[in-house]
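What follows is a set of notes on a single structure, which appears directly below.
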Amino acid sequence: MSAHCQVTGRKPGFGMRVSHSHVRTRRRWNPNIQKKTYWLPSENRKVTLTLSAKGIKTVDKHGIEAIVRRLRALGVKV
């Protein structure tokens, strides 16, 4: 599973890890990605989305029907 949210578009951030001696090495900050299954009443089936924690809150706020409609308009297969 890639670290990418289907709703918010959140993806890993990159930067440097800096030690006490100020040696710098590359690191990444991964978003809190979860696989979540929702019931889609209009199609009488379940859909599984890869969402960040904020993406889950967005689905709860706007509703799964509106989110799936928006994803399909963007060309994402749901």
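Numbering starts fresh at 1 for the residues of each chain in the structure tokens, the chains themselves are lettered A, B, ... in the order given, and ligands are numbered from 1 as they appear.
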Selection: 12 Å around Ile67 in chain A, only C-alpha atoms, excl. self and same-chain fewer than 4 positions, as a PDB file with N, CA and C atoms, in the first residue's frame:
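Written output follows (selection_27.pdb):
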ATOM      1  N   GLN A   6      -6.303   8.911  -0.835  1.00  0.00           N
ATOM      2  CA  GLN A   6      -7.104   9.102  -2.035  1.00  0.00           C
ATOM      3  C   GLN A   6      -7.982  10.347  -1.953  1.00  0.00           C
ATOM      4  N   VAL A   7      -8.337  10.788  -0.756  1.00  0.00           N
ATOM      5  CA  VAL A   7      -9.246  11.919  -0.605  1.00  0.00           C
ATOM      6  C   VAL A   7      -8.479  13.235  -0.485  1.00  0.00           C
ATOM      7  N   THR A   8      -7.531  13.305   0.433  1.00  0.00           N
ATOM      8  CA  THR A   8      -6.834  14.565   0.684  1.00  0.00           C
ATOM      9  C   THR A   8      -5.562  14.711  -0.131  1.00  0.00           C
ATOM     10  N   TYR A  38     -16.237   1.267   3.267  1.00  0.00           N
ATOM     11  CA  TYR A  38     -17.519   1.951   3.471  1.00  0.00           C
ATOM     12  C   TYR A  38     -18.595   1.255   2.655  1.00  0.00           C
ATOM     13  N   LEU A  40     -21.654   1.629   0.258  1.00  0.00           N
ATOM     14  CA  LEU A  40     -22.146   2.602  -0.705  1.00  0.00           C
ATOM     15  C   LEU A  40     -23.595   2.227  -1.043  1.00  0.00           C
ATOM     16  N   VAL A  47     -17.042  -0.190  -0.768  1.00  0.00           N
ATOM     17  CA  VAL A  47     -15.865   0.373  -1.424  1.00  0.00           C
ATOM     18  C   VAL A  47     -14.765   0.497  -0.382  1.00  0.00           C
ATOM     19  N   LEU A  49     -11.249   2.325   0.536  1.00  0.00           N
ATOM     20  CA  LEU A  49     -10.430   3.482   0.214  1.00  0.00           C
ATOM     21  C   LEU A  49      -9.176   3.482   1.076  1.00  0.00           C
ATOM     22  N   LEU A  51      -7.039   5.917   3.059  1.00  0.00           N
ATOM     23  CA  LEU A  51      -7.272   7.251   3.590  1.00  0.00           C
ATOM     24  C   LEU A  51      -6.296   7.598   4.702  1.00  0.00           C
ATOM     25  N   GLY A  55      -8.497  12.272   6.064  1.00  0.00           N
ATOM     26  CA  GLY A  55      -9.395  11.819   5.007  1.00  0.00           C
ATOM     27  C   GLY A  55     -10.616  11.112   5.568  1.00  0.00           C
ATOM     28  N   ILE A  56     -10.424  10.341   6.634  1.00  0.00           N
ATOM     29  CA  ILE A  56     -11.553   9.653   7.288  1.00  0.00           C
ATOM     30  C   ILE A  56     -12.513  10.691   7.860  1.00  0.00           C
ATOM     31  N   LYS A  57     -11.973  11.740   8.482  1.00  0.00           N
ATOM     32  CA  LYS A  57     -12.814  12.810   9.030  1.00  0.00           C
ATOM     33  C   LYS A  57     -13.565  13.535   7.919  1.00  0.00           C
ATOM     34  N   THR A  58     -12.920  13.705   6.757  1.00  0.00           N
ATOM     35  CA  THR A  58     -13.553  14.364   5.622  1.00  0.00           C
ATOM     36  C   THR A  58     -14.722  13.538   5.107  1.00  0.00           C
ATOM     37  N   VAL A  59     -14.551  12.221   5.022  1.00  0.00           N
ATOM     38  CA  VAL A  59     -15.638  11.340   4.584  1.00  0.00           C
ATOM     39  C   VAL A  59     -16.784  11.402   5.587  1.00  0.00           C
ATOM     40  N   ASP A  60     -16.466  11.429   6.872  1.00  0.00           N
ATOM     41  CA  ASP A  60     -17.515  11.516   7.894  1.00  0.00           C
ATOM     42  C   ASP A  60     -18.284  12.832   7.783  1.00  0.00           C
ATOM     43  N   LYS A  61     -17.601  13.903   7.417  1.00  0.00           N
ATOM     44  CA  LYS A  61     -18.227  15.217   7.332  1.00  0.00           C
ATOM     45  C   LYS A  61     -19.100  15.366   6.092  1.00  0.00           C
ATOM     46  N   HIS A  62     -18.584  14.969   4.918  1.00  0.00           N
ATOM     47  CA  HIS A  62     -19.290  15.193   3.659  1.00  0.00           C
ATOM     48  C   HIS A  62     -20.126  14.007   3.196  1.00  0.00           C
ATOM     49  N   GLY A  63     -19.832  12.816   3.683  1.00  0.00           N
ATOM     50  CA  GLY A  63     -20.571  11.628   3.288  1.00  0.00           C
ATOM     51  C   GLY A  63     -19.855  10.863   2.186  1.00  0.00           C
ATOM     52  N   LEU A  71     -14.254  11.631  -6.432  1.00  0.00           N
ATOM     53  CA  LEU A  71     -13.131  10.808  -6.879  1.00  0.00           C
ATOM     54  C   LEU A  71     -13.328  10.339  -8.311  1.00  0.00           C
ATOM     55  N   ARG A  72     -14.545   9.946  -8.660  1.00  0.00           N
ATOM     56  CA  ARG A  72     -14.818   9.496 -10.029  1.00  0.00           C
ATOM     57  C   ARG A  72     -14.676  10.640 -11.027  1.00  0.00           C
ATOM     58  N   ALA A  73     -15.037  11.855 -10.615  1.00  0.00           N
ATOM     59  CA  ALA A  73     -14.875  13.009 -11.494  1.00  0.00           C
ATOM     60  C   ALA A  73     -13.403  13.285 -11.765  1.00  0.00           C
ATOM     61  N   LEU A  74     -12.534  12.941 -10.802  1.00  0.00           N
ATOM     62  CA  LEU A  74     -11.096  13.115 -10.971  1.00  0.00           C
ATOM     63  C   LEU A  74     -10.467  11.960 -11.745  1.00  0.00           C
ATOM     64  N   VAL A  76     -10.377   8.669 -10.609  1.00  0.00           N
ATOM     65  CA  VAL A  76      -9.880   7.611  -9.728  1.00  0.00           C
ATOM     66  C   VAL A  76     -10.846   6.441  -9.786  1.00  0.00           C
ATOM     67  N   VAL A  78     -12.889   3.658  -8.282  1.00  0.00           N
ATOM     68  CA  VAL A  78     -13.390   3.346  -6.939  1.00  0.00           C
ATOM     69  C   VAL A  78     -14.315   2.152  -7.032  1.00  0.00           C
TER      70      VAL A  78
END
If we count only C-alpha atoms and set the cut-off at 7 Å, which residues sit around Ser52 in chain A, ignoring sequence neighbours fewer than 4 positions away in its own chain? Please answer as a list in words. Cys5, Pro31, Asn32, Ile33, Gln34 and Ile56 of chain A
Expected answer as a list in words: strand (DSSP E) residues in chain A: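 These are the residues in question: Gly13, Phe14, Gly15, Met16, Arg17, Val18, Arg24, Thr25, Arg26, Arg27, Arg28, Trp29, Ile33, Gln34, Lys35, Lys36, Thr37, Tyr38, Trp39, Leu40, Arg45, Lys46, Val47, Thr48, Leu49, Thr50, Leu51 and Ser52 of chain A.
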Can you list, as a ChimeraX atom specification, all residues belonging to chain A that DSSP tags as alpha helix (DSSP H)? /A:53-62,64-74
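Among A:Thr50, A:Ser19, A:Thr25, A:Asn44, the residue with the shortest atom-to-atom distance to Glu65 in chain A, counting only C-alpha atoms, is A:Asn44.
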Which of these residues is nearest to Phe14 in chain A, using only C-alpha atoms: A:Lys77, A:Arg28, A:Arg45, A:Arg70? A:Arg28
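In this model, the gap between CA of Val18 in chain A and CA of Lys54 in chain A comes to 28.3 Å.
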Smallest atom-to-atom distance to Ser42 in chain A: which of A:Val23, A:Met16, A:Ile64, A:Ala3, using only C-alpha atoms? A:Ile64
